[in-house]
Amino acid sequence: MSEMNQGDAVRIGLAEEMRRDPLVWALGEDLSTAHGGTSGSQYYQLIDEFGPKRIVNTPISENTIMGAAVGAAVAGTRPVADLRMADFAMCAVDELVNQAAKIRYMFGGQARVPLVVRQMIGARKGGAAQHSQSTEAWYVHTPGLVVIAPATPGDAKGLLKAAIRCDDPVVFMEHKELMAATGEVTDDPEAVMPIGKARIVNEGSDLTIVTWSKMALIAAEAAELLAADGINAEVIDLRSLWPWDKDAVYTSVAKTGRLLVAQEAVQVGGFGAEVAADVAENMSDALKTHVRRIGAPRIPVPYAEPMEAEYRITAEHIVAKAKEVAGA
Amino acid sequence: MSEMNQGDAVRIGLAEEMRRDPLVWALGEDLSTAHGGTSGSQYYQLIDEFGPKRIVNTPISENTIMGAAVGAAVAGTRPVADLRMADFAMCAVDELVNQAAKIRYMFGGQARVPLVVRQMIGARKGGAAQHSQSTEAWYVHTPGLVVIAPATPGDAKGLLKAAIRCDDPVVFMEHKELMAATGEVTDDPEAVMPIGKARIVNEGSDLTIVTWSKMALIAAEAAELLAADGINAEVIDLRSLWPWDKDAVYTSVAKTGRLLVAQEAVQVGGFGAEVAADVAENMSDALKTHVRRIGAPRIPVPYAEPMEAEYRITAEHIVAKAKEVAGA
Amino acid sequence: MAEETITNKPARVFELYKTMSLIRAFEEAAEVAYDAGFVNGSIHQYIGEEAIGTGVCSNLRDTDYILSNHRGHGHAIAKGANPEAMMKELFGRVGGTSGAKGGSMHIADFSVGMLGANGILADGTTMGVGAAQALVLRGVDAIVTVFVGDGTTNRGPFYEALNWSMIYELPVLFVCENNTYASSTVTRSVTAGAGPVARAEAFGMPAFDIDGNDVLAVDELAADLISRVRGGGGPHFLHARTYRIKGHISRDKMLYRPEGETEERWKGEPIGRCAAWLLDNGIGQDELDEATSSAEKQIADAVEAAHAAPFPDAKLAFADVQDIGAPQ
Amino acid sequence: MAEETITNKPARVFELYKTMSLIRAFEEAAEVAYDAGFVNGSIHQYIGEEAIGTGVCSNLRDTDYILSNHRGHGHAIAKGANPEAMMKELFGRVGGTSGAKGGSMHIADFSVGMLGANGILADGTTMGVGAAQALVLRGVDAIVTVFVGDGTTNRGPFYEALNWSMIYELPVLFVCENNTYASSTVTRSVTAGAGPVARAEAFGMPAFDIDGNDVLAVDELAADLISRVRGGGGPHFLHARTYRIKGHISRDKMLYRPEGETEERWKGEPIGRCAAWLLDNGIGQDELDEATSSAEKQIADAVEAAHAAPFPDAKLAFADVQDIGAPQ
Ligand SMILES: Cc1ncc(C[n+]2csc(CCOP(=O)(O)OP(=O)(O)O)c2C)c(N)n1
Ligand SMILES: Cc1ncc(C[n+]2csc(CCOP(=O)(O)OP(=O)(O)O)c2C)c(N)n1
Ligand SMILES: [Mg+2]
Ligand SMILES: [Mg+2]
């Protein structure tokens, strides 16, 4: 195990998979020129080891980054397409949803689409309306896609590797504000994490907090504050949103009888609605109080600090809501 | 009142608004050449009355149909952009979500974006994976957008007119299989329906079925079948999905104590999850049993008849589920 | 599919004639079947355009890929797909090329390198360049041909794909089938400048214009361009002028088309022209008649087999969605 | 903003010099403020490119529109936006041009026809043609100028917009600012063919190439093209060669850039060149110095005012989202 940040962890994970399988390659804007420049550390110097045919610096052509990845996957390779931000990825929703997600099915299994599409979610300091969105709910709603949103460097590495080895198209959503966060990461190039398994961040018996991506860290913080007040929250980081680990959630809710779903995305129509509705439907016997959600208000992300702070879900928000749940 | 089909109703509604306000105009592929041809009756012969500057036949350029509509709305007109199918509209998600939905906000109220974007949802005979999708949930999840999905010719006309007069960007989702369905439609060009008000399709006291678009017709059919078995279902057609008529739903659930949400879209992550989660959170005291949902399986829409039939939610499915709800 | 220099020109042209006749017979039969209600979805016919797909694909190998658009029957047959399996696909029966999951608009036969028709315009262009990139990465000696309609050349992704193929010097042949119309719109009326050839040239791509109804000319030019592409000459562009004899989809009444135009243009349809050449070059009328009836017989048998084939098990709707997170 | 024929050339150029100096001072001060932590989001500086926005916008009227990209400060100032309000916007304070909701990347001042910077590349092009369509429909005698970067010309929507503007003969001037780089990528390395001018010409558009660091030349050519566009001559294209002196964003260390390149290119920066011309044409050094310090003083005052301005009320985050269905 080594301590490293998430940017380094995913770079090492990608490099390991590229060494293991010559059919794995990456494409995106500035992938080979970003020597610590604008794009951070995710592809730093990979060009030196893998060359321009496998670390492909693309034009600013989102439709084609995604479309070419689909074509290349169908044609027998394993592309990792980087669209940078989920906001820019909106320029390629068609290729992802109409093509990648449907090709295997509509051609009756004649083809597979083993690709990974990376797109960063989440608000980052002053990113404002067009560089901050969290769109995971759209892709969970899309048949054919696997959706992953890790919270720690170790999970990011292990799940990126799993995504690359997976024969389905995988939407891999990193969080901008997590790239510099550090954690323990395995050095074993064969260690791959299973997709669809949640992580119990914190054990507890008073209520279950289900969350993912950066909100898992905030929920963990909230759990500490709650513990100080004598409330033991079980925090579950889903890590994979489709498939999501219903067993882990059901088991926890069976124990606690209380559910709070916490998400950074807009609450209305967010993935949290699916989790809450599912648990309400399937775990009603275990529930001691009704399910609750917390998420962003239905507003674009504002720029100025006080407004941005108002927008964000904090540990304090979770604590307040969790107390409501625990006390109900 | 006149009896007419939905295609005629929306054409008349659009023409009335274009007569009323010279700043209203429409753009899309084949709008002026579709004299009963491939695009049906929605724009039939409007070119003759309004000419090519207001019924704009566009190239196949989805990004620009949407982008130009945004620019033209900001610049003081009221465009009605027709993207045909929700599937093709995926090519213009960026312009709709990153621009139309955010401009007013991110420019601090300096601009308004009064546009309507039409995109047809729903499966139609043999449409298969890329011509059948129902993506309303994505847009409900997007701050800044109004989302409408009417079920009857009268509602379609009245709400299209309201959408055109509205100063917010409105996603107006017609259903392919409803275009030929007939109903009573007002002849009064000043009759506009309020956005955000549900329609009680059927009164009942045993359970509440919340639905929208074509599923409202299927739910009405189910309610008849249920009535024959002595179960009185209250069927609510939301008509507007954002905002949705919480008052109507809450009032009904307060009466029946039971909720079933029925949707044509994929159930996982669908808008039904929002309705179910919201009611579970806010109406728990009234609920006699837990909320339930019904919707499409998480698969693309298949082509062959038996598989397509397997995919569809029918009145029988709703009846079975409703009995489960009513008996619980 | 031959590639060796053909010394016996009439024999080669007669082969082209047979392929065109097979496509024609398929399209006529598909229309009959559609009108009789046996085809679940819409069909886009290739009648009058047979020379292009035939002339191009006769110069391709089984290992080469083609990416088609919505008008894919002719491309598939020319590339060697089995018409009986295709007809079963249209009928939605067991034995269909895509297991009856896709239908006409998603006709595909990966076993002969036909990577699929497509319901979303222009996406074949971006996927095609990616497929070519995969071939290069895999070191496979094969090329990609992408078919695109005239109307589709006004979609942005097409230009991204042109640029992309040039900068990576990919083995791609773009074939623009200019059949004058895009649905009910005359493409010229929404297309600025000198047209597709000039546009391709602006991206540095060698581009050629040809009478697409002259199968000999198409065959010769395609042979030349394909050998250049195969030889490492980079992407090339072929613009073939033709005419869409039938409606956009089979039920299109073509009310937008000037009277007499179809009849006038029918005079230049490629099969008759090819027959005239063959008659001048030593092939007898009896041989031509025999070829036509053999094609018709093959298709009649295909239709019979399609009628006889069972419908697929409805539960197959749940197969081939995805491995991880598949629907239960 | 003058439009009458300027008889006193040095006086006019001196005005351009002052505008460029104001932009330069703004960008320098913004960087200082950013480094000191007063700017919440990223900033994209216009240093070295001032001649283009200045030369173009000096020929526009207040009623003309411009659509900018992410690098919008210079365009805004050249179009007449108030630098103090802009600085407040960057600082996220009350009095910001967009009420502190958008920040640098969404800088806008609708009161002077600056319809906004944009965080999504190329979207200004499609919105721009729509804005022009609105002007035509409204019968307003004004034109639209769209600024687009070299890297952005590889995005598909740009080509749709070129075509669109031509077929409807819209009053649009496209200005491509070719500053050599797109983030950390040399645009030339991912751009096929002869470049943007040839591409625009392929759509039938008159296109011109110019040294974008020569403000006199830009001013003259822009005056000519704008009068053609205004006179009903249809869309025109101006390609201005320049160099991005600073990093892509202010914190970019530019490790991808060859050593010495910036210094070499700095020699050709437009303000120094303009100063040299002015000195040769009767303006004294003292006048230049006075102009520079006046610009610096104006910006220093703007910074001071920004520091002094209060942060906005956090609750304003909920304002200006939408009328119907606004967040509670
Ligand atoms: C992105 C997208 N927009 C619109 C459509 C609807 N549509 C299907 S075919 C067609 C016309 C295509 O014209 P062209 O490219 O000339 O091909 P042709 O049908 O003439 O062969 C249109 C508009 C679509 N399928 N996809
Ligand atoms: C659709 C989209 N893709 C990618 C980005 C990220 N991005 C922002 S600026 C930029 C480079 C733009 O280069 P260019 O068009 O040359 O403009 P310049 O920055 O040089 O002025 C990139 C890739 C974006 N904002 N939007
Ligand atoms: Mg065509
Ligand atoms: Mg640039």
# chains A, B, ... in the order shown; residues from 1 in each chain; ligands from 1

$ residues_near_ligand --ligand "ligand 3" --cutoff "7 Å" --atoms "only C-alpha atoms and all ligand atoms" --output "MDAnalysis selection string"
chainID C and resid 149:151 177:182 187

$ interface_residues --of "chain B" --to "chain C" --cutoff "10 Å" --atoms "only C-alpha atoms" --output "VMD selection string"
chain B and resid 29 to 39 57 to 64 87 to 88 90 to 91 124 to 131 297 to 311

$ select_by_dssp --residues "stretch 7-163 of chain A" --states "strand (DSSP E or B)" --output "list in words"
Val24, Trp25, Ala26, Leu27, Gly28, Glu29, Ile55, Val56, Asn57, Thr58, Arg78, Pro79, Val80, Ala81, Asp82, Leu83, Arg84, Met85, Val116, Val117, Arg118, Gln119, Met120, Ile121, Val146, Val147 and Ile148 of chain A

$ write_last_selection --atoms "C-alpha atoms" --output "PDB file, in the first residue's frame"
ATOM      1  CA  VAL A  24      -6.340  -0.430 -23.895  1.00  0.00           C
ATOM      2  CA  TRP A  25      -5.799   3.173 -24.965  1.00  0.00           C
ATOM      3  CA  ALA A  26      -6.910   6.631 -23.919  1.00  0.00           C
ATOM      4  CA  LEU A  27      -8.153   9.626 -25.852  1.00  0.00           C
ATOM      5  CA  GLY A  28      -9.075  13.154 -24.939  1.00  0.00           C
ATOM      6  CA  GLU A  29      -8.094  16.784 -25.134  1.00  0.00           C
ATOM      7  CA  ILE A  55      -2.334   8.293 -25.429  1.00  0.00           C
ATOM      8  CA  VAL A  56      -4.200  10.190 -28.075  1.00  0.00           C
ATOM      9  CA  ASN A  57      -4.266  13.946 -27.892  1.00  0.00           C
ATOM     10  CA  THR A  58      -7.484  14.901 -29.617  1.00  0.00           C
ATOM     11  CA  ARG A  78     -10.744  -0.898 -25.114  1.00  0.00           C
ATOM     12  CA  PRO A  79     -10.779   2.877 -25.254  1.00  0.00           C
ATOM     13  CA  VAL A  80     -10.821   5.141 -22.238  1.00  0.00           C
ATOM     14  CA  ALA A  81     -12.425   8.360 -23.442  1.00  0.00           C
ATOM     15  CA  ASP A  82     -11.856  11.400 -21.294  1.00  0.00           C
ATOM     16  CA  LEU A  83     -14.445  14.136 -21.671  1.00  0.00           C
ATOM     17  CA  ARG A  84     -13.042  16.097 -18.732  1.00  0.00           C
ATOM     18  CA  MET A  85     -16.168  17.518 -17.138  1.00  0.00           C
ATOM     19  CA  VAL A 116     -14.813   3.713 -20.212  1.00  0.00           C
ATOM     20  CA  VAL A 117     -15.921   7.304 -20.430  1.00  0.00           C
ATOM     21  CA  ARG A 118     -14.500   9.578 -17.784  1.00  0.00           C
ATOM     22  CA  GLN A 119     -16.297  12.741 -16.861  1.00  0.00           C
ATOM     23  CA  MET A 120     -15.744  14.779 -13.729  1.00  0.00           C
ATOM     24  CA  ILE A 121     -18.656  15.791 -11.612  1.00  0.00           C
ATOM     25  CA  VAL A 146     -22.656   0.976 -15.832  1.00  0.00           C
ATOM     26  CA  VAL A 147     -22.105   4.032 -13.626  1.00  0.00           C
ATOM     27  CA  ILE A 148     -19.290   4.435 -11.105  1.00  0.00           C
TER      28      ILE A 148
END

$ residues_around --residues "stretch 195-197 of chain C" --least-positions-apart "6" --cutoff "7 Å" --atoms "only C-alpha atoms" --output "PDB file with N, CA, C and O atoms, in the first residue's frame"
ATOM      1  N   THR C 153     -24.686  15.825 -44.138  1.00  0.00           N
ATOM      2  CA  THR C 153     -23.448  16.606 -44.171  1.00  0.00           C
ATOM      3  C   THR C 153     -23.632  18.001 -43.576  1.00  0.00           C
ATOM      4  O   THR C 153     -22.673  18.756 -43.480  1.00  0.00           O
ATOM      5  N   ALA C 207     -10.991  14.617 -52.592  1.00  0.00           N
ATOM      6  CA  ALA C 207     -12.425  14.393 -52.716  1.00  0.00           C
ATOM      7  C   ALA C 207     -12.825  14.313 -54.178  1.00  0.00           C
ATOM      8  O   ALA C 207     -12.298  15.054 -55.014  1.00  0.00           O
ATOM      9  N   PHE C 208     -13.755  13.442 -54.467  1.00  0.00           N
ATOM     10  CA  PHE C 208     -14.119  13.159 -55.853  1.00  0.00           C
ATOM     11  C   PHE C 208     -15.630  13.133 -56.013  1.00  0.00           C
ATOM     12  O   PHE C 208     -16.343  12.609 -55.165  1.00  0.00           O
ATOM     13  N   ASP C 209     -16.056  13.674 -57.130  1.00  0.00           N
ATOM     14  CA  ASP C 209     -17.484  13.716 -57.427  1.00  0.00           C
ATOM     15  C   ASP C 209     -17.771  12.755 -58.569  1.00  0.00           C
ATOM     16  O   ASP C 209     -16.985  12.668 -59.521  1.00  0.00           O
ATOM     17  N   HIS C 239     -18.088  11.571 -53.451  1.00  0.00           N
ATOM     18  CA  HIS C 239     -19.426  12.168 -53.472  1.00  0.00           C
ATOM     19  C   HIS C 239     -20.167  11.613 -54.685  1.00  0.00           C
ATOM     20  O   HIS C 239     -19.779  11.878 -55.834  1.00  0.00           O
TER      21      HIS C 239
END

$ interface_residues --of "chain C" --to "chain D" --cutoff "6 Å" --atoms "only C-alpha atoms" --output "PyMOL selection string"
chain C and resi 156-157+159-160+163+166-167+190+192-193+198-199+202-204

$ atom_distance --atom1 "atom CA of C:Ala295" --atom2 "atom CA of C:Glu28"
11.5 Å

$ closest_residue --among "A:Val171, A:Ile318, A:Val97, A:Ala149" --to "chain B" --atoms "only C-alpha atoms"
A:Val97

$ closest_residue --among "A:Thr251, A:Ser240, A:Gln45, A:Ser134" --to "chain B" --atoms "only C-alpha atoms"
A:Ser134

$ residues_around --residues "C:Gly55" --least-positions-apart "3" --cutoff "10 Å" --atoms "only C-alpha atoms" --output "short mmCIF file (atom, residue, chain, number, x, y, z; two decimals) with N, CA and C atoms, in the first residue's frame"
data_model
loop_
_atom_site.label_atom_id
_atom_site.label_comp_id
_atom_site.auth_asym_id
_atom_site.auth_seq_id
_atom_site.Cartn_x
_atom_site.Cartn_y
_atom_site.Cartn_z
N MET C 1 -17.12 -8.68 -54.03
CA MET C 1 -16.04 -8.74 -53.06
C MET C 1 -14.69 -9.00 -53.71
N VAL C 13 -19.01 -6.60 -64.39
CA VAL C 13 -20.19 -5.72 -64.36
C VAL C 13 -21.46 -6.54 -64.18
N LEU C 16 -21.94 -7.03 -60.63
CA LEU C 16 -22.50 -5.82 -60.02
C LEU C 16 -24.00 -5.75 -60.29
N TYR C 17 -24.35 -6.09 -61.53
CA TYR C 17 -25.76 -6.09 -61.91
C TYR C 17 -26.57 -7.03 -61.01
N THR C 19 -25.87 -8.02 -57.99
CA THR C 19 -25.97 -7.48 -56.63
C THR C 19 -27.03 -6.37 -56.58
N MET C 20 -26.99 -5.51 -57.59
CA MET C 20 -28.00 -4.43 -57.62
C MET C 20 -29.41 -5.01 -57.73
N GLU C 50 -28.77 1.91 -55.86
CA GLU C 50 -28.06 0.62 -55.70
C GLU C 50 -26.62 0.64 -56.20
N ALA C 51 -26.36 1.48 -57.21
CA ALA C 51 -25.03 1.46 -57.82
C ALA C 51 -23.94 1.88 -56.85
N ILE C 52 -24.30 2.72 -55.90
CA ILE C 52 -23.25 3.25 -55.01
C ILE C 52 -22.77 2.18 -54.03
N SER C 58 -18.16 -3.78 -53.62
CA SER C 58 -17.52 -4.82 -54.44
C SER C 58 -16.01 -4.72 -54.37
N ASN C 59 -15.53 -3.59 -53.92
CA ASN C 59 -14.09 -3.41 -53.81
C ASN C 59 -13.57 -3.59 -52.39
N LEU C 60 -14.45 -4.00 -51.52
CA LEU C 60 -14.05 -4.20 -50.13
C LEU C 60 -13.88 -5.69 -49.83
N ALA C 78 -24.85 -5.47 -50.27
CA ALA C 78 -23.63 -5.30 -51.06
C ALA C 78 -22.40 -5.78 -50.31
N GLY C 212 -23.43 8.81 -59.43
CA GLY C 212 -23.63 7.64 -58.59
C GLY C 212 -24.59 6.62 -59.18
N ASN C 213 -25.19 6.95 -60.29
CA ASN C 213 -26.08 5.97 -60.93
C ASN C 213 -25.37 5.17 -62.03
N ASP C 214 -24.08 5.42 -62.18
CA ASP C 214 -23.28 4.71 -63.15
C ASP C 214 -22.40 3.71 -62.40
N VAL C 215 -22.86 2.49 -62.34
CA VAL C 215 -22.17 1.53 -61.47
C VAL C 215 -20.76 1.25 -61.96
N LEU C 216 -20.52 1.32 -63.26
CA LEU C 216 -19.16 1.09 -63.76
C LEU C 216 -18.22 2.18 -63.25
N ALA C 217 -18.71 3.39 -63.31
CA ALA C 217 -17.88 4.52 -62.86
C ALA C 217 -17.64 4.44 -61.35
N VAL C 218 -18.68 4.12 -60.62
CA VAL C 218 -18.51 4.02 -59.17
C VAL C 218 -17.51 2.92 -58.85
N ASP C 219 -17.68 1.78 -59.50
CA ASP C 219 -16.78 0.65 -59.27
C ASP C 219 -15.33 1.04 -59.54
N GLU C 220 -15.11 1.71 -60.63
CA GLU C 220 -13.74 2.08 -60.98
C GLU C 220 -13.13 3.09 -60.02
N LEU C 221 -13.91 4.12 -59.73
CA LEU C 221 -13.39 5.13 -58.82
C LEU C 221 -13.19 4.54 -57.42
N ALA C 222 -14.16 3.74 -56.98
CA ALA C 222 -14.05 3.14 -55.65
C ALA C 222 -12.81 2.25 -55.59
N ALA C 223 -12.59 1.49 -56.64
CA ALA C 223 -11.41 0.61 -56.66
C ALA C 223 -10.14 1.43 -56.48
#

$ residues_around --residues "A:Met4" --least-positions-apart "2" --cutoff "12 Å" --atoms "only C-alpha atoms" --output "number ranges by chain"
A: 1-2, 6-12, 41, 152-154, 156-157, 178-187

$ write_last_selection --atoms "N, CA, C and O atoms" --output "mmCIF file, in the first residue's frame"
data_model
loop_
_atom_site.group_PDB
_atom_site.id
_atom_site.type_symbol
_atom_site.label_atom_id
_atom_site.label_comp_id
_atom_site.auth_asym_id
_atom_site.auth_seq_id
_atom_site.Cartn_x
_atom_site.Cartn_y
_atom_site.Cartn_z
ATOM 1 N N MET A 1 0.838 -1.198 0.000
ATOM 2 C CA MET A 1 0.000 0.000 0.000
ATOM 3 C C MET A 1 0.875 1.251 0.000
ATOM 4 O O MET A 1 1.917 1.292 0.631
ATOM 5 N N SER A 2 0.421 2.252 -0.707
ATOM 6 C CA SER A 2 1.117 3.539 -0.704
ATOM 7 C C SER A 2 0.090 4.645 -0.502
ATOM 8 O O SER A 2 -1.059 4.518 -0.914
ATOM 9 N N GLN A 6 -5.654 11.082 -5.520
ATOM 10 C CA GLN A 6 -6.484 10.355 -6.477
ATOM 11 C C GLN A 6 -5.992 10.507 -7.911
ATOM 12 O O GLN A 6 -6.071 9.568 -8.705
ATOM 13 N N GLY A 7 -5.477 11.693 -8.228
ATOM 14 C CA GLY A 7 -4.947 11.898 -9.579
ATOM 15 C C GLY A 7 -3.842 10.905 -9.874
ATOM 16 O O GLY A 7 -3.805 10.287 -10.955
ATOM 17 N N ASP A 8 -2.938 10.706 -8.918
ATOM 18 C CA ASP A 8 -1.859 9.739 -9.110
ATOM 19 C C ASP A 8 -2.398 8.315 -9.146
ATOM 20 O O ASP A 8 -1.958 7.483 -9.941
ATOM 21 N N ALA A 9 -3.352 8.043 -8.286
ATOM 22 C CA ALA A 9 -3.883 6.675 -8.205
ATOM 23 C C ALA A 9 -4.513 6.246 -9.522
ATOM 24 O O ALA A 9 -4.289 5.132 -10.003
ATOM 25 N N VAL A 10 -5.320 7.121 -10.116
ATOM 26 C CA VAL A 10 -5.965 6.725 -11.372
ATOM 27 C C VAL A 10 -4.967 6.688 -12.523
ATOM 28 O O VAL A 10 -5.116 5.892 -13.450
ATOM 29 N N ARG A 11 -3.941 7.519 -12.443
ATOM 30 C CA ARG A 11 -2.929 7.443 -13.500
ATOM 31 C C ARG A 11 -2.211 6.101 -13.430
ATOM 32 O O ARG A 11 -2.043 5.416 -14.443
ATOM 33 N N ILE A 12 -1.824 5.710 -12.246
ATOM 34 C CA ILE A 12 -1.126 4.433 -12.081
ATOM 35 C C ILE A 12 -2.046 3.277 -12.484
ATOM 36 O O ILE A 12 -1.626 2.339 -13.169
ATOM 37 N N SER A 41 -2.849 15.582 -12.968
ATOM 38 C CA SER A 41 -1.902 14.474 -12.966
ATOM 39 C C SER A 41 -2.427 13.174 -13.552
ATOM 40 O O SER A 41 -1.698 12.192 -13.608
ATOM 41 N N THR A 152 -12.612 7.594 -2.911
ATOM 42 C CA THR A 152 -11.251 7.561 -2.370
ATOM 43 C C THR A 152 -10.256 7.186 -3.468
ATOM 44 O O THR A 152 -10.629 6.556 -4.460
ATOM 45 N N PRO A 153 -8.983 7.522 -3.277
ATOM 46 C CA PRO A 153 -7.972 7.148 -4.269
ATOM 47 C C PRO A 153 -7.931 5.640 -4.498
ATOM 48 O O PRO A 153 -7.814 5.176 -5.639
ATOM 49 N N GLY A 154 -8.042 4.878 -3.449
ATOM 50 C CA GLY A 154 -7.984 3.421 -3.578
ATOM 51 C C GLY A 154 -9.154 2.888 -4.390
ATOM 52 O O GLY A 154 -8.978 2.047 -5.286
ATOM 53 N N ALA A 156 -10.938 4.631 -6.478
ATOM 54 C CA ALA A 156 -10.846 5.174 -7.837
ATOM 55 C C ALA A 156 -9.926 4.304 -8.681
ATOM 56 O O ALA A 156 -10.249 3.957 -9.821
ATOM 57 N N LYS A 157 -8.796 3.913 -8.112
ATOM 58 C CA LYS A 157 -7.873 3.071 -8.875
ATOM 59 C C LYS A 157 -8.491 1.696 -9.137
ATOM 60 O O LYS A 157 -8.526 1.223 -10.279
ATOM 61 N N LEU A 178 -11.865 15.962 -5.443
ATOM 62 C CA LEU A 178 -11.214 14.806 -4.811
ATOM 63 C C LEU A 178 -9.841 14.505 -5.411
ATOM 64 O O LEU A 178 -9.098 13.688 -4.875
ATOM 65 N N MET A 179 -9.525 15.123 -6.531
ATOM 66 C CA MET A 179 -8.299 14.729 -7.226
ATOM 67 C C MET A 179 -7.047 14.898 -6.362
ATOM 68 O O MET A 179 -6.090 14.145 -6.503
ATOM 69 N N ALA A 180 -7.078 15.869 -5.482
ATOM 70 C CA ALA A 180 -5.900 16.111 -4.650
ATOM 71 C C ALA A 180 -5.991 15.396 -3.301
ATOM 72 O O ALA A 180 -5.027 15.377 -2.539
ATOM 73 N N ALA A 181 -7.116 14.798 -3.007
ATOM 74 C CA ALA A 181 -7.281 14.120 -1.716
ATOM 75 C C ALA A 181 -6.454 12.845 -1.700
ATOM 76 O O ALA A 181 -6.349 12.145 -2.704
ATOM 77 N N THR A 182 -5.863 12.544 -0.568
ATOM 78 C CA THR A 182 -4.968 11.389 -0.488
ATOM 79 C C THR A 182 -5.596 10.229 0.267
ATOM 80 O O THR A 182 -6.593 10.379 0.970
ATOM 81 N N GLY A 183 -4.989 9.070 0.076
ATOM 82 C CA GLY A 183 -5.460 7.871 0.763
ATOM 83 C C GLY A 183 -4.534 6.716 0.458
ATOM 84 O O GLY A 183 -3.591 6.847 -0.337
ATOM 85 N N GLU A 184 -4.814 5.583 1.084
ATOM 86 C CA GLU A 184 -4.015 4.381 0.884
ATOM 87 C C GLU A 184 -4.444 3.694 -0.411
ATOM 88 O O GLU A 184 -5.640 3.513 -0.656
ATOM 89 N N VAL A 185 -3.458 3.309 -1.198
ATOM 90 C CA VAL A 185 -3.762 2.674 -2.486
ATOM 91 C C VAL A 185 -2.882 1.435 -2.640
ATOM 92 O O VAL A 185 -1.679 1.483 -2.364
ATOM 93 N N THR A 186 -3.489 0.355 -3.090
ATOM 94 C CA THR A 186 -2.719 -0.873 -3.251
ATOM 95 C C THR A 186 -1.683 -0.729 -4.361
ATOM 96 O O THR A 186 -1.914 -0.045 -5.361
ATOM 97 N N ASP A 187 -0.557 -1.416 -4.202
ATOM 98 C CA ASP A 187 0.473 -1.402 -5.240
ATOM 99 C C ASP A 187 0.333 -2.601 -6.174
ATOM 100 O O ASP A 187 1.048 -2.696 -7.162
#

$ interface_residues --of "chain A" --to "chain B" --cutoff "6 Å" --atoms "only C-alpha atoms" --output "list of chain:residue names"
A:Met90, A:Cys91, A:Val93, A:Asp94, A:Trp138, A:His141, A:Pro143, A:Val268, A:Gly269, A:Ala273, A:Glu274, A:Ala276, A:Ala277, A:Glu281, A:His290, A:Val291, A:Arg292, A:Arg298, A:Ile299, A:Pro300

$ select_by_dssp --residues "stretch 92-164 of chain D" --states "helix (DSSP H, G or I)" --output "VMD selection string"
chain D and resid 104 to 106 110 to 112 123 to 138 151 to 154 156 to 164

$ residues_around --residues "A:Ala111" --least-positions-apart "2" --cutoff "9 Å" --atoms "only C-alpha atoms" --output "list of chain:residue names"
A:Val74, A:Ala75, A:Ile103, A:Arg104, A:Tyr105, A:Phe107, A:Gly108, A:Gly109, A:Val113, C:Phe110, C:Leu115

$ atom_distance --atom1 "atom CA of A:Gln263" --atom2 "atom CA of A:Ser213"
8.4 Å

$ atom_distance --atom1 "atom CA of C:Val146" --atom2 "atom CA of C:Cys176"
8.3 Å

$ residues_around --residues "A:Ala262" --least-positions-apart "3" --cutoff "8 Å" --atoms "only C-alpha atoms" --output "ChimeraX atom specification"
/A:209-211,215,219,272,293-295,318
